[in-house]
Amino acid sequence: MQTPEQVEPQDVARAKALVDAYQKVTKELSKVIVGQEAVIEQLMIAILARGHCLLEGVPGLAKTLMVRGLSQVMELSFRRIQFTPDLMPADITGTEVIHEDPTTGRRNLTFLQGPLFAQMILADEINRTPPKTQSSLLEAMQEHSVTVGGKTYPLAEPFFVLATQNPIEQEGTYPLPEAQRDRFLFLVKVVYPSRAEEREIVTRTTSAFSGKITPVITGDEIIACQEIVRKVPVPEHVLDFVLDLVRCTRPDEAESQADVKDLIEWGAGPRACQYLVLGGKVRAVLRGRFHVTIEDIEALAHPVLRHRIVPTFNAEAEGIAVDDIIDRILKAVPRGTPAKIL
C-alpha cells in the first residue's frame, strides 16, 4: 500500500492547489449563501469524489440557490428539472422527432437532447414524480450516458446530479426506491440557519444587496482534482474500520451488534464502503493531509449511511431515527491501531 512517504511530490503540490481552489469556492459561495458550511463541504466532497448528492430539507433553505451557485463558481453548464407527477422520461432525457430535409424531402429521425444534457443537474423535488420517470436518471448517474432509440449518447464531463426532496410533505410523493437512493453518494440534511444567520439572510434579501459570483475553477480542473484525490493512500486500520462499520449495519452479519439487529431491516451494501473511502480521501486532502484517518470516516458516516439503512417497524415505533442507529454503531465499532511507518 502506498504510504505518505511514497507519495510523489507533484501530487502533494496538486493537493495543496486543490485546497486553495476549495477555499476560493467557499468564499465565492458565501456571497450568496449565508451559513450552511457543512452542507457546502459535503457537496464539494461529493463532486470531487465523482458522486451525486441527495439534499433533504424543508422549503426555503436555499437548496436551489446553493446548487446554482456551485455551477456558476465552477463554470459548469446547469439545468434545473422540476419533477412533477406528469413528468415523463422523455422530458428529461430527450426524444427522437421526425425531421424532413427541405431539399430532398427525405424524413429522418433526429434526437433532441433533453435537459439532462448538462454538467450539473438540479433534480428539484425528485420524489414528486413516479418511479418510471425517476429511473430515467439511473443510466445517466451510473454510466454518464443516455440511451434513446437504441443509440447511446455520452454526457459532458464532469457530470453531477444534485437532487432535492422535501421530508415533511409526503402527500402526492413517490419515495425513491432503495436501489436508486444507493446511487447517491450522500444524503445531505439541510437544516435551519442559526438566529444570527437568519438575521443576515433577512437583511440581504430585503435590501438592495446583490452578490455576484466569480468562477474560480473549471470543469477540466475539477476532473484533474478528481484524479488527485484517488491517489490518497488509506491505512489498513482505516480500511478495516470502514469494513467493520458497514458490515455492522447488516443484521445477519456476525459483526452486527445485538442491540441494533432488531432496529435494522436492511443494511448498507459494498457501495457504502467505496463511498466512505472516496469521501474520506477528499476530506483528508481538504484538511491538508495526504492520508485518510478514522476521523474522516466518522465525519462522513451519517451522510453516506443514512439513506442505505432501512429501519425496522420496531425502530420506527420507538421513535429511533436512522442517525441514532448510526451513532450506536459508531460507538460500538473498534478503532484499530495505526501501524508504524518504517
# chains A, B, ... in the order shown; residues from 1 in each chain; ligands from 1
call {"tool": "closest_atom_pairs", "arguments": {"of": "stretch 252-328 of chain A", "to": "stretch 16-38 of chain A", "cutoff": "8 Å", "atoms": "only C-alpha atoms", "output": "CSV"}}
result
residue,atom,partner,partner_atom,distance
A:Val285,CA,A:Val19,CA,7.0
A:Leu286,CA,A:Val19,CA,5.3
A:Arg287,CA,A:Val19,CA,7.6
A:Gly288,CA,A:Lys16,CA,7.0
call {"tool": "write_last_selection", "arguments": {"atoms": "C-alpha atoms", "output": "PDB file, in the first residue's frame"}}
result
ATOM      1  CA  VAL A 285      -6.973  16.491   1.210  1.00  0.00           C
ATOM      2  CA  LEU A 286      -9.262  19.421   2.020  1.00  0.00           C
ATOM      3  CA  ARG A 287      -7.814  19.393   5.529  1.00  0.00           C
ATOM      4  CA  GLY A 288      -4.237  19.452   4.327  1.00  0.00           C
TER       5      GLY A 288
END
call {"tool": "residues_around", "arguments": {"residues": "stretch 67-81 of chain A", "least_positions_apart": "2", "cutoff": "7 Å", "atoms": "only C-alpha atoms", "output": "PyMOL selection string"}}
result
chain A and resi 25+29+63-65+83+115+118-124+213-219
call {"tool": "closest_residue", "arguments": {"among": "A:Phe160, A:Phe241, A:Trp266, A:Tyr174", "to": "A:Arg50", "atoms": "only C-alpha atoms"}}
result
A:Phe160
call {"tool": "residues_around", "arguments": {"residues": "A:Asp244", "least_positions_apart": "5", "cutoff": "10 Å", "atoms": "only C-alpha atoms", "output": "MDAnalysis selection string"}}
result
chainID A and resid 238:239 249 255:256 273 329:330 332:335
call {"tool": "write_last_selection", "arguments": {"atoms": "N, CA and C atoms", "output": "PDB file, in the first residue's frame"}}
result
ATOM      1  N   VAL A 238      -7.633   1.946   8.889  1.00  0.00           N
ATOM      2  CA  VAL A 238      -8.781   2.759   8.482  1.00  0.00           C
ATOM      3  C   VAL A 238      -9.703   1.947   7.571  1.00  0.00           C
ATOM      4  N   LEU A 239      -9.119   1.193   6.652  1.00  0.00           N
ATOM      5  CA  LEU A 239      -9.918   0.344   5.780  1.00  0.00           C
ATOM      6  C   LEU A 239     -10.674  -0.714   6.584  1.00  0.00           C
ATOM      7  N   THR A 249     -23.960  -2.709   9.878  1.00  0.00           N
ATOM      8  CA  THR A 249     -25.314  -2.254   9.538  1.00  0.00           C
ATOM      9  C   THR A 249     -26.176  -3.391   8.993  1.00  0.00           C
ATOM     10  N   GLU A 255     -20.610  -9.432  12.625  1.00  0.00           N
ATOM     11  CA  GLU A 255     -20.097  -8.203  13.230  1.00  0.00           C
ATOM     12  C   GLU A 255     -21.184  -7.322  13.827  1.00  0.00           C
ATOM     13  N   SER A 256     -22.428  -7.558  13.441  1.00  0.00           N
ATOM     14  CA  SER A 256     -23.522  -6.688  13.871  1.00  0.00           C
ATOM     15  C   SER A 256     -23.770  -6.812  15.370  1.00  0.00           C
ATOM     16  N   CYS A 273     -19.048   1.215   1.385  1.00  0.00           N
ATOM     17  CA  CYS A 273     -17.609   1.150   1.674  1.00  0.00           C
ATOM     18  C   CYS A 273     -16.822   1.998   0.677  1.00  0.00           C
ATOM     19  N   ILE A 329     -23.834   2.410  16.268  1.00  0.00           N
ATOM     20  CA  ILE A 329     -22.851   1.572  15.578  1.00  0.00           C
ATOM     21  C   ILE A 329     -21.459   2.191  15.683  1.00  0.00           C
ATOM     22  N   LEU A 330     -21.374   3.518  15.504  1.00  0.00           N
ATOM     23  CA  LEU A 330     -20.072   4.193  15.593  1.00  0.00           C
ATOM     24  C   LEU A 330     -19.436   3.999  16.972  1.00  0.00           C
ATOM     25  N   ALA A 332     -19.834   1.431  18.865  1.00  0.00           N
ATOM     26  CA  ALA A 332     -19.520   0.024  19.100  1.00  0.00           C
ATOM     27  C   ALA A 332     -18.355  -0.490  18.253  1.00  0.00           C
ATOM     28  N   VAL A 333     -18.110   0.116  17.099  1.00  0.00           N
ATOM     29  CA  VAL A 333     -17.076  -0.394  16.211  1.00  0.00           C
ATOM     30  C   VAL A 333     -15.692  -0.086  16.783  1.00  0.00           C
ATOM     31  N   PRO A 334     -14.828  -1.097  16.889  1.00  0.00           N
ATOM     32  CA  PRO A 334     -13.482  -0.855  17.448  1.00  0.00           C
ATOM     33  C   PRO A 334     -12.595  -0.063  16.507  1.00  0.00           C
ATOM     34  N   ARG A 335     -11.720   0.736  17.071  1.00  0.00           N
ATOM     35  CA  ARG A 335     -10.737   1.505  16.295  1.00  0.00           C
ATOM     36  C   ARG A 335      -9.417   0.746  16.333  1.00  0.00           C
TER      37      ARG A 335
END
call {"tool": "closest_residue", "arguments": {"among": "A:Glu318, A:Glu227, A:Glu295, A:Glu96", "to": "A:Asp262", "atoms": "only C-alpha atoms"}}
result
A:Glu318
